[in-house]
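Student: To be precise about what I am sending: the file is called work-v4.tsv and holds TSV, C-alpha atoms.
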```tsv
chain	number	residue	atom	x	y	z
G	14	MET	CA	20.99	19.74	16.80
G	15	LYS	CA	17.78	21.72	16.96
G	16	LEU	CA	15.27	21.17	14.18
G	17	TYR	CA	15.30	24.74	12.89
G	18	GLU	CA	19.09	24.76	12.94
G	19	ALA	CA	19.07	21.71	10.66
G	20	ILE	CA	16.46	23.24	8.38
G	21	TYR	CA	18.18	26.60	7.98
G	22	SER	CA	21.75	25.39	7.71
G	23	ARG	CA	23.00	24.36	4.30
G	24	ARG	CA	22.81	20.64	3.74
G	25	ASP	CA	23.54	20.06	0.07
G	26	VAL	CA	27.10	19.02	-0.55
G	27	ARG	CA	29.20	18.09	-3.60
G	28	ARG	CA	32.72	18.17	-2.16
G	29	PHE	CA	33.46	15.39	0.28
G	30	ARG	CA	36.33	14.48	2.54
G	31	GLN	CA	37.72	10.96	2.25
G	32	GLU	CA	36.31	9.85	5.56
G	33	PRO	CA	33.77	7.06	5.72
G	34	VAL	CA	30.47	7.45	7.53
G	35	ALA	CA	30.60	5.14	10.55
G	36	ASP	CA	27.98	2.42	10.79
G	37	ASP	CA	26.32	3.81	13.91
G	38	VAL	CA	25.95	7.23	12.28
G	39	LEU	CA	24.55	5.65	9.14
G	40	TYR	CA	22.15	3.61	11.23
G	41	ARG	CA	20.73	6.71	12.90
G	42	ILE	CA	20.31	8.45	9.54
G	43	LEU	CA	18.53	5.47	7.94
G	44	ASP	CA	16.38	4.86	11.00
G	45	ALA	CA	15.29	8.50	10.94
G	46	ALA	CA	14.32	8.12	7.28
G	47	HIS	CA	12.47	4.89	8.03
G	48	HIS	CA	10.44	6.62	10.75
G	49	THR	CA	8.86	8.98	8.25
G	50	GLY	CA	5.09	8.90	8.15
G	51	SER	CA	3.72	7.32	4.98
G	52	VAL	CA	0.28	7.17	3.44
G	53	GLY	CA	-1.48	4.05	4.73
G	54	PHE	CA	1.66	3.26	6.78
G	55	MET	CA	2.90	1.85	3.49
G	56	GLN	CA	6.64	2.43	4.11
G	57	PRO	CA	7.28	1.97	0.38
G	58	TRP	CA	10.97	2.86	0.48
G	59	ASN	CA	14.18	0.88	0.20
G	60	PHE	CA	17.69	2.18	0.78
G	61	ILE	CA	20.44	0.76	-1.40
G	62	LEU	CA	23.92	1.54	-0.07
G	63	ILE	CA	26.48	1.77	-2.86
G	64	ARG	CA	30.21	1.68	-2.21
G	65	GLU	CA	31.52	-0.42	-5.12
G	66	GLU	CA	33.78	1.64	-7.38
G	67	ASN	CA	32.48	-0.06	-10.49
G	68	THR	CA	28.89	1.00	-9.81
G	69	LYS	CA	29.94	4.56	-9.03
G	70	LEU	CA	31.92	4.73	-12.27
G	71	ARG	CA	28.92	3.59	-14.28
G	72	VAL	CA	26.64	6.08	-12.56
G	73	LYS	CA	29.19	8.84	-13.14
G	74	ALA	CA	29.39	7.98	-16.84
G	75	MET	CA	25.60	8.12	-17.02
G	76	PHE	CA	25.63	11.50	-15.28
G	77	ASP	CA	28.31	12.89	-17.60
G	78	ARG	CA	26.35	11.89	-20.68
G	79	GLU	CA	23.03	13.30	-19.44
G	80	ASN	CA	24.66	16.40	-17.98
G	81	ALA	CA	26.17	17.27	-21.35
G	82	ARG	CA	22.65	17.22	-22.73
G	83	GLY	CA	21.49	19.32	-19.78
G	84	ALA	CA	24.16	21.94	-20.41
G	85	GLY	CA	23.08	21.98	-24.03
G	86	GLN	CA	19.76	23.48	-22.98
G	87	PHE	CA	21.55	26.71	-22.13
G	88	THR	CA	23.67	29.03	-24.27
G	89	GLY	CA	26.39	31.65	-23.95
G	90	GLU	CA	27.33	32.90	-20.49
G	91	ARG	CA	24.59	30.85	-18.89
G	92	GLN	CA	26.05	27.66	-20.34
G	93	GLU	CA	29.54	28.67	-19.26
G	94	LEU	CA	28.29	29.24	-15.73
G	95	TYR	CA	26.49	25.87	-15.79
G	96	LYS	CA	29.67	24.10	-16.85
G	97	SER	CA	31.68	25.81	-14.10
G	98	LEU	CA	29.45	24.45	-11.34
G	99	LYS	CA	30.27	21.27	-9.48
G	100	ILE	CA	26.90	19.59	-9.24
G	101	GLU	CA	27.72	16.04	-8.20
G	102	GLY	CA	30.17	14.12	-6.02
G	103	ILE	CA	29.50	10.56	-7.13
G	104	LEU	CA	33.07	9.30	-7.08
G	105	GLU	CA	34.38	11.35	-4.16
G	106	ALA	CA	31.55	10.60	-1.75
G	107	PRO	CA	32.39	7.54	0.35
G	108	LEU	CA	28.78	6.44	0.12
G	109	ASN	CA	26.20	6.63	-2.63
G	110	LEU	CA	22.64	5.79	-1.66
G	111	CYS	CA	19.64	5.16	-3.88
G	112	VAL	CA	16.24	5.63	-2.26
G	113	THR	CA	13.63	3.66	-4.16
G	114	CYS	CA	9.86	3.31	-4.01
G	115	ASP	CA	8.11	-0.05	-4.28
G	116	ARG	CA	4.86	0.82	-6.00
G	117	GLY	CA	3.28	-2.49	-5.10
G	118	ARG	CA	4.28	-2.77	-1.46
G	119	GLY	CA	1.66	-4.20	0.84
G	120	GLY	CA	-1.05	-4.64	-1.77
G	121	LYS	CA	-4.07	-2.37	-1.32
G	122	VAL	CA	-3.10	0.70	0.68
G	123	LEU	CA	-5.50	2.73	2.79
G	124	GLY	CA	-5.47	6.30	1.54
G	125	ARG	CA	-3.97	5.47	-1.82
G	126	ASN	CA	-6.93	5.04	-4.08
G	127	THR	CA	-7.37	8.39	-5.81
G	128	ILE	CA	-3.82	9.77	-5.80
G	129	LEU	CA	-1.61	6.83	-6.70
G	130	ASP	CA	1.60	8.84	-6.44
G	131	THR	CA	1.21	9.09	-2.67
G	132	ASP	CA	3.76	6.27	-2.46
G	133	ILE	CA	6.31	8.41	-4.31
G	134	PHE	CA	5.38	11.40	-2.15
G	135	SER	CA	5.92	9.35	1.01
G	136	THR	CA	9.31	8.22	-0.24
G	137	CYS	CA	10.30	11.85	-0.83
G	138	LEU	CA	9.33	12.72	2.74
G	139	ALA	CA	11.73	10.00	3.86
G	140	VAL	CA	14.48	11.58	1.77
G	141	GLN	CA	13.99	14.85	3.62
G	142	ASN	CA	14.14	13.12	7.02
G	143	LEU	CA	17.32	11.42	5.85
G	144	TRP	CA	18.77	14.73	4.72
G	145	LEU	CA	18.03	16.50	7.98
G	146	ALA	CA	19.25	13.62	10.12
G	147	ALA	CA	22.46	13.55	8.12
G	148	ARG	CA	22.92	17.27	8.75
G	149	ALA	CA	22.44	16.74	12.48
G	150	GLU	CA	25.23	14.16	12.29
G	151	GLY	CA	27.53	16.57	10.43
G	152	VAL	CA	27.09	14.56	7.24
G	153	GLY	CA	26.37	16.18	3.89
G	154	VAL	CA	24.12	14.88	1.12
G	155	GLY	CA	23.97	15.77	-2.56
G	156	TRP	CA	21.04	14.75	-4.76
G	157	VAL	CA	22.08	13.70	-8.26
G	158	SER	CA	19.01	14.39	-10.36
G	159	ILE	CA	20.58	14.13	-13.81
G	160	LEU	CA	20.43	10.39	-14.47
G	161	ASP	CA	18.51	8.00	-16.67
G	162	ASN	CA	16.17	6.17	-14.32
G	163	ALA	CA	15.63	3.22	-16.65
G	164	GLU	CA	19.36	2.68	-16.92
G	165	LEU	CA	19.83	3.17	-13.18
G	166	SER	CA	17.10	0.61	-12.49
G	167	GLY	CA	18.98	-1.93	-14.56
G	168	LEU	CA	22.26	-1.15	-12.85
G	169	LEU	CA	20.76	-1.61	-9.38
G	170	GLU	CA	18.65	-4.62	-10.45
G	171	LEU	CA	15.38	-3.06	-9.36
G	172	PRO	CA	12.33	-5.32	-9.70
G	173	ALA	CA	9.60	-4.19	-12.07
G	174	THR	CA	7.49	-2.62	-9.30
G	175	VAL	CA	10.38	-0.59	-7.84
G	176	VAL	CA	11.44	2.84	-9.12
G	177	PRO	CA	14.38	5.06	-8.17
G	178	VAL	CA	13.35	8.27	-6.44
G	179	ALA	CA	16.62	9.80	-5.24
G	180	TYR	CA	20.27	9.04	-5.97
G	181	LEU	CA	22.29	10.59	-3.16
G	182	CYS	CA	25.99	11.21	-2.52
G	183	ILE	CA	26.74	11.05	1.20
G	184	GLY	CA	29.77	11.88	3.31
G	185	TYR	CA	31.52	14.45	5.45
G	186	PRO	CA	31.73	17.70	3.52
G	187	GLU	CA	34.72	19.91	2.97
G	188	GLU	CA	32.38	22.60	4.31
G	189	PHE	CA	28.73	23.46	4.74
G	190	SER	CA	28.29	26.69	2.83
G	191	ASP	CA	26.03	29.46	4.05
G	192	THR	CA	24.17	29.96	0.81
G	193	PRO	CA	22.66	27.56	-1.73
G	194	MET	CA	25.24	27.01	-4.45
G	195	LEU	CA	22.99	28.27	-7.24
G	196	GLU	CA	22.16	31.42	-5.29
G	197	ALA	CA	25.85	32.07	-4.50
G	198	ALA	CA	26.70	31.54	-8.17
G	199	GLY	CA	24.08	34.05	-9.27
G	200	TRP	CA	22.13	31.38	-11.12
G	201	ARG	CA	18.81	31.97	-9.38
G	202	ASP	CA	17.50	33.95	-6.39
G	203	ARG	CA	15.41	32.88	-3.45
G	204	ILE	CA	11.77	33.82	-3.93
G	205	PRO	CA	10.41	35.95	-1.08
G	206	LEU	CA	8.12	33.83	1.09
G	207	GLU	CA	5.21	36.26	0.66
G	208	GLU	CA	5.17	35.54	-3.07
G	209	VAL	CA	4.44	31.85	-2.65
G	210	VAL	CA	1.66	32.07	-0.04
G	211	PHE	CA	-1.97	32.75	-0.89
G	212	MET	CA	-5.22	32.92	1.04
G	213	GLU	CA	-8.12	30.65	0.09
G	214	ARG	CA	-7.23	30.12	-3.59
G	215	PHE	CA	-4.32	30.34	-6.01
G	216	GLY	CA	-3.57	33.97	-6.72
G	217	GLY	CA	-5.71	34.96	-3.74
G	218	ARG	CA	-4.92	37.68	-1.27
G	219	LYS	CA	-1.52	37.55	0.43
G	220	PRO	CA	-1.69	36.85	4.15
G	221	ASP	CA	-0.10	39.26	6.60
G	222	LEU	CA	2.93	37.16	7.46
C	8	MET	CA	12.94	20.89	19.81
C	9	LYS	CA	15.77	18.62	18.77
C	10	LEU	CA	15.63	17.22	15.26
C	11	TYR	CA	15.46	13.57	16.27
C	12	GLU	CA	12.78	14.35	18.82
C	13	ALA	CA	10.66	15.85	16.02
C	14	ILE	CA	11.34	12.90	13.75
C	15	TYR	CA	10.52	10.20	16.28
C	16	SER	CA	7.53	11.82	17.90
C	17	ARG	CA	4.15	11.31	16.30
C	18	ARG	CA	3.15	14.15	14.04
C	19	ASP	CA	0.07	13.01	12.16
C	20	VAL	CA	-3.12	14.32	13.66
C	21	ARG	CA	-6.83	14.05	12.86
C	22	ARG	CA	-8.38	15.40	16.06
C	23	PHE	CA	-7.89	19.09	16.58
C	24	ARG	CA	-8.65	21.55	19.31
C	25	GLN	CA	-10.56	24.69	18.39
C	26	GLU	CA	-7.57	26.95	18.79
C	27	PRO	CA	-6.22	28.89	15.86
C	28	VAL	CA	-2.56	28.77	14.88
C	29	ALA	CA	-1.13	32.21	15.58
C	30	ASP	CA	0.36	34.12	12.65
C	31	ASP	CA	3.91	34.11	14.01
C	32	VAL	CA	3.80	30.34	14.49
C	33	LEU	CA	2.41	29.87	11.01
C	34	TYR	CA	5.09	32.13	9.60
C	35	ARG	CA	7.85	30.01	11.13
C	36	ILE	CA	6.29	26.82	9.77
C	37	LEU	CA	5.90	28.22	6.24
C	38	ASP	CA	9.35	29.78	6.27
C	39	ALA	CA	10.85	26.42	7.26
C	40	ALA	CA	9.04	24.78	4.36
C	41	HIS	CA	10.20	27.51	1.99
C	42	HIS	CA	13.82	26.94	3.03
C	43	THR	CA	13.80	23.41	1.71
C	44	GLY	CA	16.42	22.64	-0.88
C	45	SER	CA	14.98	22.15	-4.36
C	46	VAL	CA	16.41	20.84	-7.59
C	47	GLY	CA	17.89	23.75	-9.54
C	48	PHE	CA	16.82	26.07	-6.67
C	49	MET	CA	13.46	25.92	-8.41
C	50	GLN	CA	11.30	26.50	-5.30
C	51	PRO	CA	8.28	25.21	-7.22
C	52	TRP	CA	5.86	25.28	-4.29
C	53	ASN	CA	2.95	27.46	-3.28
C	54	PHE	CA	1.10	27.36	0.00
C	55	ILE	CA	-2.63	28.06	-0.11
C	56	LEU	CA	-4.10	28.75	3.33
C	57	ILE	CA	-7.74	27.73	3.55
C	58	ARG	CA	-10.02	28.88	6.35
C	59	GLU	CA	-13.32	29.52	4.54
C	60	GLU	CA	-16.00	27.14	5.75
C	61	ASN	CA	-17.50	26.80	2.29
C	62	THR	CA	-14.24	25.50	0.81
C	63	LYS	CA	-13.75	23.08	3.69
C	64	LEU	CA	-17.28	21.75	3.22
C	65	ARG	CA	-16.70	21.13	-0.46
C	66	VAL	CA	-13.39	19.38	0.22
C	67	LYS	CA	-15.06	17.29	2.92
C	68	ALA	CA	-17.83	16.26	0.52
C	69	MET	CA	-15.19	15.28	-2.02
C	70	PHE	CA	-13.37	13.26	0.62
C	71	ASP	CA	-16.56	11.50	1.76
C	72	ARG	CA	-17.38	10.46	-1.78
C	73	GLU	CA	-13.89	9.18	-2.60
C	74	ASN	CA	-13.44	7.60	0.82
C	75	ALA	CA	-16.60	5.52	0.34
C	76	ARG	CA	-14.98	4.18	-2.81
C	77	GLY	CA	-11.76	3.58	-0.89
C	78	ALA	CA	-13.55	1.60	1.80
C	79	GLY	CA	-15.18	-0.43	-0.95
C	80	GLN	CA	-11.77	-1.86	-1.82
C	81	PHE	CA	-11.85	-3.82	1.41
C	82	THR	CA	-14.32	-6.40	2.73
C	83	GLY	CA	-15.52	-7.92	5.99
C	84	GLU	CA	-13.67	-7.11	9.19
C	85	ARG	CA	-11.04	-5.16	7.29
C	86	GLN	CA	-13.71	-2.86	5.87
C	87	GLU	CA	-15.30	-2.46	9.30
C	88	LEU	CA	-11.94	-1.50	10.75
C	89	TYR	CA	-11.37	0.96	7.90
C	90	LYS	CA	-14.73	2.61	8.54
C	91	SER	CA	-14.01	2.89	12.27
C	92	LEU	CA	-10.86	4.95	11.69
C	93	LYS	CA	-10.86	8.73	11.77
C	94	ILE	CA	-8.62	9.56	8.84
C	95	GLU	CA	-9.24	13.27	8.26
C	96	GLY	CA	-9.95	16.44	10.19
C	97	ILE	CA	-10.93	18.81	7.39
C	98	LEU	CA	-13.74	20.63	9.18
C	99	GLU	CA	-12.32	20.58	12.70
C	100	ALA	CA	-8.84	21.79	11.83
C	101	PRO	CA	-8.68	25.58	12.11
C	102	LEU	CA	-6.47	25.68	9.05
C	103	ASN	CA	-6.39	23.65	5.85
C	104	LEU	CA	-3.35	24.11	3.63
C	105	CYS	CA	-2.80	22.96	0.09
C	106	VAL	CA	0.82	22.65	-1.03
C	107	THR	CA	1.04	22.87	-4.79
C	108	CYS	CA	3.78	22.47	-7.38
C	109	ASP	CA	4.18	24.83	-10.31
C	110	ARG	CA	5.56	22.59	-13.03
C	111	GLY	CA	6.61	25.51	-15.17
C	112	ARG	CA	8.24	27.73	-12.57
C	113	GLY	CA	11.36	29.52	-13.68
C	114	GLY	CA	11.51	28.08	-17.18
C	115	LYS	CA	14.44	25.75	-17.83
C	116	VAL	CA	15.69	24.30	-14.56
C	117	LEU	CA	19.24	23.13	-13.95
C	118	GLY	CA	19.12	19.48	-12.92
C	119	ARG	CA	15.64	18.86	-14.23
C	120	ASN	CA	16.20	17.53	-17.71
C	121	THR	CA	16.05	13.76	-17.34
C	122	ILE	CA	13.78	13.33	-14.32
C	123	LEU	CA	10.98	15.83	-14.80
C	124	ASP	CA	9.26	14.90	-11.55
C	125	THR	CA	12.09	16.44	-9.53
C	126	ASP	CA	9.82	19.45	-9.09
C	127	ILE	CA	7.19	17.26	-7.42
C	128	PHE	CA	9.90	15.57	-5.34
C	129	SER	CA	11.18	18.97	-4.19
C	130	THR	CA	7.69	20.01	-3.20
C	131	CYS	CA	7.33	16.85	-1.12
C	132	LEU	CA	10.57	17.64	0.69
C	133	ALA	CA	9.03	20.99	1.60
C	134	VAL	CA	5.98	19.19	2.99
C	135	GLN	CA	8.24	17.22	5.32
C	136	ASN	CA	10.02	20.36	6.51
C	137	LEU	CA	6.61	21.90	7.14
C	138	TRP	CA	5.49	18.83	9.06
C	139	LEU	CA	8.55	18.74	11.28
C	140	ALA	CA	8.51	22.49	11.91
C	141	ALA	CA	4.84	22.23	12.86
C	142	ARG	CA	5.70	19.48	15.34
C	143	ALA	CA	8.41	21.63	16.87
C	144	GLU	CA	5.74	24.31	17.38
C	145	GLY	CA	3.35	21.82	19.01
C	146	VAL	CA	1.15	21.88	15.92
C	147	GLY	CA	-0.22	18.74	14.31
C	148	VAL	CA	-0.72	18.04	10.63
C	149	GLY	CA	-2.86	15.47	8.84
C	150	TRP	CA	-2.42	14.67	5.16
C	151	VAL	CA	-5.70	14.08	3.34
C	152	SER	CA	-4.75	11.83	0.45
C	153	ILE	CA	-8.22	10.72	-0.61
C	154	LEU	CA	-9.31	13.54	-2.89
C	155	ASP	CA	-9.88	14.09	-6.58
C	156	ASN	CA	-7.01	16.32	-7.69
C	157	ALA	CA	-8.78	17.59	-10.81
C	158	GLU	CA	-11.75	18.68	-8.75
C	159	LEU	CA	-9.51	20.17	-6.07
C	160	SER	CA	-7.60	22.12	-8.72
C	161	GLY	CA	-10.85	23.66	-9.90
C	162	LEU	CA	-11.92	24.49	-6.37
C	163	LEU	CA	-8.64	26.27	-5.61
C	164	GLU	CA	-8.45	27.87	-9.06
C	165	LEU	CA	-5.05	26.42	-9.85
C	166	PRO	CA	-3.55	27.55	-13.17
C	167	ALA	CA	-2.91	24.87	-15.78
C	168	THR	CA	0.77	24.44	-14.83
C	169	VAL	CA	0.07	24.03	-11.11
C	170	VAL	CA	-0.84	20.70	-9.48
C	171	PRO	CA	-1.87	19.90	-5.90
C	172	VAL	CA	0.68	17.79	-4.03
C	173	ALA	CA	-0.57	17.74	-0.44
C	174	TYR	CA	-3.84	18.77	1.20
C	175	LEU	CA	-3.11	19.24	4.89
C	176	CYS	CA	-5.22	19.76	8.01
C	177	ILE	CA	-3.34	21.86	10.54
C	178	GLY	CA	-3.93	22.80	14.15
C	179	TYR	CA	-3.26	22.02	17.77
C	180	PRO	CA	-4.00	18.36	18.40
C	181	GLU	CA	-6.07	16.82	21.14
C	182	GLU	CA	-2.96	14.71	21.63
C	183	PHE	CA	0.13	13.46	19.89
C	184	SER	CA	-0.15	9.69	20.10
C	185	ASP	CA	2.85	7.45	20.66
C	186	THR	CA	2.14	5.09	17.79
C	187	PRO	CA	1.05	5.59	14.19
C	188	MET	CA	-2.73	5.25	14.08
C	189	LEU	CA	-2.71	2.37	11.60
C	190	GLU	CA	-0.18	0.47	13.70
C	191	ALA	CA	-2.16	1.05	16.89
C	192	ALA	CA	-5.34	-0.12	15.14
C	193	GLY	CA	-3.66	-3.32	13.99
C	194	TRP	CA	-4.03	-2.33	10.35
C	195	ARG	CA	-0.36	-2.66	9.42
C	196	ASP	CA	2.97	-3.18	11.21
C	197	ARG	CA	6.19	-1.26	10.99
C	198	ILE	CA	8.70	-3.03	8.75
C	199	PRO	CA	12.02	-3.75	10.51
C	200	LEU	CA	14.67	-1.35	9.20
C	201	GLU	CA	16.97	-4.23	8.23
C	202	GLU	CA	14.37	-5.44	5.71
C	203	VAL	CA	14.43	-2.23	3.68
C	204	VAL	CA	18.20	-1.73	3.43
C	205	PHE	CA	20.40	-3.46	0.86
C	206	MET	CA	24.05	-3.34	-0.09
C	207	GLU	CA	25.06	-2.46	-3.67
C	208	ARG	CA	21.88	-3.61	-5.42
C	209	PHE	CA	18.22	-4.38	-4.78
C	210	GLY	CA	17.94	-7.65	-2.91
C	211	GLY	CA	21.66	-7.49	-2.15
C	212	ARG	CA	23.28	-8.45	1.11
C	213	LYS	CA	21.94	-6.80	4.27
C	214	PRO	CA	24.39	-4.45	5.94
C	215	ASP	CA	25.33	-5.00	9.57
C	216	LEU	CA	23.32	-2.16	11.03
```
Rewrite the coordinates I just gave you, this time as structure tokens.
Tutor:
Amino acid sequence: MKLYEAIYSRRDVRRFRQEPVADDVLYRILDAAHHTGSVGFMQPWNFILIREENTKLRVKAMFDRENARGAGQFTGERQELYKSLKIEGILEAPLNLCVTCDRGRGGKVLGRNTILDTDIFSTCLAVQNLWLAARAEGVGVGWVSILDNAELSGLLELPATVVPVAYLCIGYPEEFSDTPMLEAAGWRDRIPLEEVVFMERFGGRKPDL
Amino acid sequence: MKLYEAIYSRRDVRRFRQEPVADDVLYRILDAAHHTGSVGFMQPWNFILIREENTKLRVKAMFDRENARGAGQFTGERQELYKSLKIEGILEAPLNLCVTCDRGRGGKVLGRNTILDTDIFSTCLAVQNLWLAARAEGVGVGWVSILDNAELSGLLELPATVVPVAYLCIGYPEEFSDTPMLEAAGWRDRIPLEEVVFMERFGGRKPDL
């Protein structure tokens, strides 16, 4: 699959078919993620593959609890719309995957002395490589962002220096939709590109794009 | 360019040719970044294009100051090696680009109630799309991670809710090398993939990849 095709096609998925991701496919996806550039060649990530039903059930319970609080931030029609959206596929996805960042990996890191979060940033870049590689393999990924990271860290037995960055649901989708779910649902619109680009300084002249 | 080709080829560049990036190429790169999925469809990013020599000079001075401190973390041969590396191309690159994250964009964001840094994470994903799209266009990108973000925010007149995430040097490279610079220089090795993947929990059994 061409790069731009992967970038412009929808990749976020919450409805999965009951078909496992074969090991060779998973290998290519993880290897693509692992070949992400990182500040100081730190490679701070780990990939924890989760298939045990018991773990998924505990993560799902955590999501349900936190999501109820999330829905509580909205009222009226907006809350109804929120509640009607399927925003996770923890139990259905054949594979859950937690991408973590080891904040102490490799000791002193070249390039990580003023902006300490560059390890987290690098880990996020790896998530995007993973996401795009999955799409090229016909595999969908959903990011579950409504979790309690402290609780998740306990569940996955993360050492003190390791933090969760992304909890992903992975599998073959029922479909890849054409439009982001929240745009299709009328929740939020895409911002025109011209509005997010400035020349020289924030709020500066718009370029002729 | 195929996705995997973009992922596996080298993309990080510090030596640039004096050839500007044409507007249509730049548009495709920025549009690819802007089409990144974001938590709650928040699209929290801005892209500030920097070409003014005066800004570049001030950023370079900031880098030089902070980099001297960075080098001071190492001693002996390691420090000599550090100092021998070219790790930025601020003045040579025809284009500098700061990717920022607006932490208040769009008010309450679906999916961003327990992990507030999901806006930063989403912005990082956009950086990776930008990086890969640039590579597909034959354009190289270097990430300058040794800066003072508070000072940079002042220089680029960022509002209080907006933070810098990535300061990038962009242009056509003298070459795309085959190996990450720090690996080629003997600074640090690539970790075998098997060492960063676990089953079920951190430190758990290695999968058969």
Student: Nearest to chain C among G:Ile100, G:Val38, G:Ile63, G:Ile183, with distances taken over only C-alpha atoms: which residue is it?
Tutor: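 Nearest candidate to chain C out of G:Ile100, G:Val38, G:Ile63, G:Ile183: G:Ile63.
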Student: Return the single residue from G:Val34, G:Leu168, G:Val175, G:Ile61 that is closest to chain C, with distances computed using all atoms listed in the file.
Tutor: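 Using all atoms listed in the file, chain C sits closest to G:Ile61.
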Student: Using all atoms listed in the file, find the residues of chain C whose closest atom to chain G is at most 6 Å away, then write them as a JSON list (two decimals) with C-alpha atoms, in the coordinates of the input.
Tutor:
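And here's result.json as it stands now:
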```json
[["chain", "number", "residue", "atom", "x", "y", "z"],
["C", 8, "MET", "CA", 12.94, 20.89, 19.81],
["C", 9, "LYS", "CA", 15.77, 18.62, 18.77],
["C", 10, "LEU", "CA", 15.63, 17.22, 15.26],
["C", 34, "TYR", "CA", 5.09, 32.13, 9.60],
["C", 53, "ASN", "CA", 2.95, 27.46, -3.28],
["C", 54, "PHE", "CA", 1.10, 27.36, 0.00],
["C", 55, "ILE", "CA", -2.63, 28.06, -0.11],
["C", 56, "LEU", "CA", -4.10, 28.75, 3.33],
["C", 57, "ILE", "CA", -7.74, 27.73, 3.55],
["C", 77, "GLY", "CA", -11.76, 3.58, -0.89],
["C", 118, "GLY", "CA", 19.12, 19.48, -12.92],
["C", 120, "ASN", "CA", 16.20, 17.53, -17.71],
["C", 121, "THR", "CA", 16.05, 13.76, -17.34],
["C", 128, "PHE", "CA", 9.90, 15.57, -5.34],
["C", 131, "CYS", "CA", 7.33, 16.85, -1.12],
["C", 132, "LEU", "CA", 10.57, 17.64, 0.69],
["C", 135, "GLN", "CA", 8.24, 17.22, 5.32],
["C", 152, "SER", "CA", -4.75, 11.83, 0.45],
["C", 153, "ILE", "CA", -8.22, 10.72, -0.61],
["C", 163, "LEU", "CA", -8.64, 26.27, -5.61],
["C", 164, "GLU", "CA", -8.45, 27.87, -9.06],
["C", 165, "LEU", "CA", -5.05, 26.42, -9.85],
["C", 203, "VAL", "CA", 14.43, -2.23, 3.68],
["C", 204, "VAL", "CA", 18.20, -1.73, 3.43],
["C", 205, "PHE", "CA", 20.40, -3.46, 0.86],
["C", 206, "MET", "CA", 24.05, -3.34, -0.09],
["C", 207, "GLU", "CA", 25.06, -2.46, -3.67],
["C", 208, "ARG", "CA", 21.88, -3.61, -5.42],
["C", 209, "PHE", "CA", 18.22, -4.38, -4.78],
["C", 216, "LEU", "CA", 23.32, -2.16, 11.03]]
```
Student: Between CA of Thr168 (chain C) and CA of Asp132 (chain G), what distance in Å does the model show, to one decimal?
Tutor: 22.2 Å
Student: Between CA of Tyr185 (chain G) and CA of Asn67 (chain G), measure the distance and give it in Å to one decimal.
Tutor: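 Rounded to one decimal, the two atoms are 21.6 Å apart.
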Student: Between CA of Pro171 (chain C) and CA of Glu26 (chain C), measure the distance and give it in Å to one decimal.
Tutor: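 So the two atoms, CA of Pro171 (chain C) and CA of Glu26 (chain C), lie 26.3 Å apart.
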Student: Write out as a PyMOL selection string which residues come within 10 Å of Lys69 (chain G) when counting all atoms listed in the file, dropping same-chain ones fewer than 6 positions away.
Tutor: chain G and resi 63+75+103-106+108-109
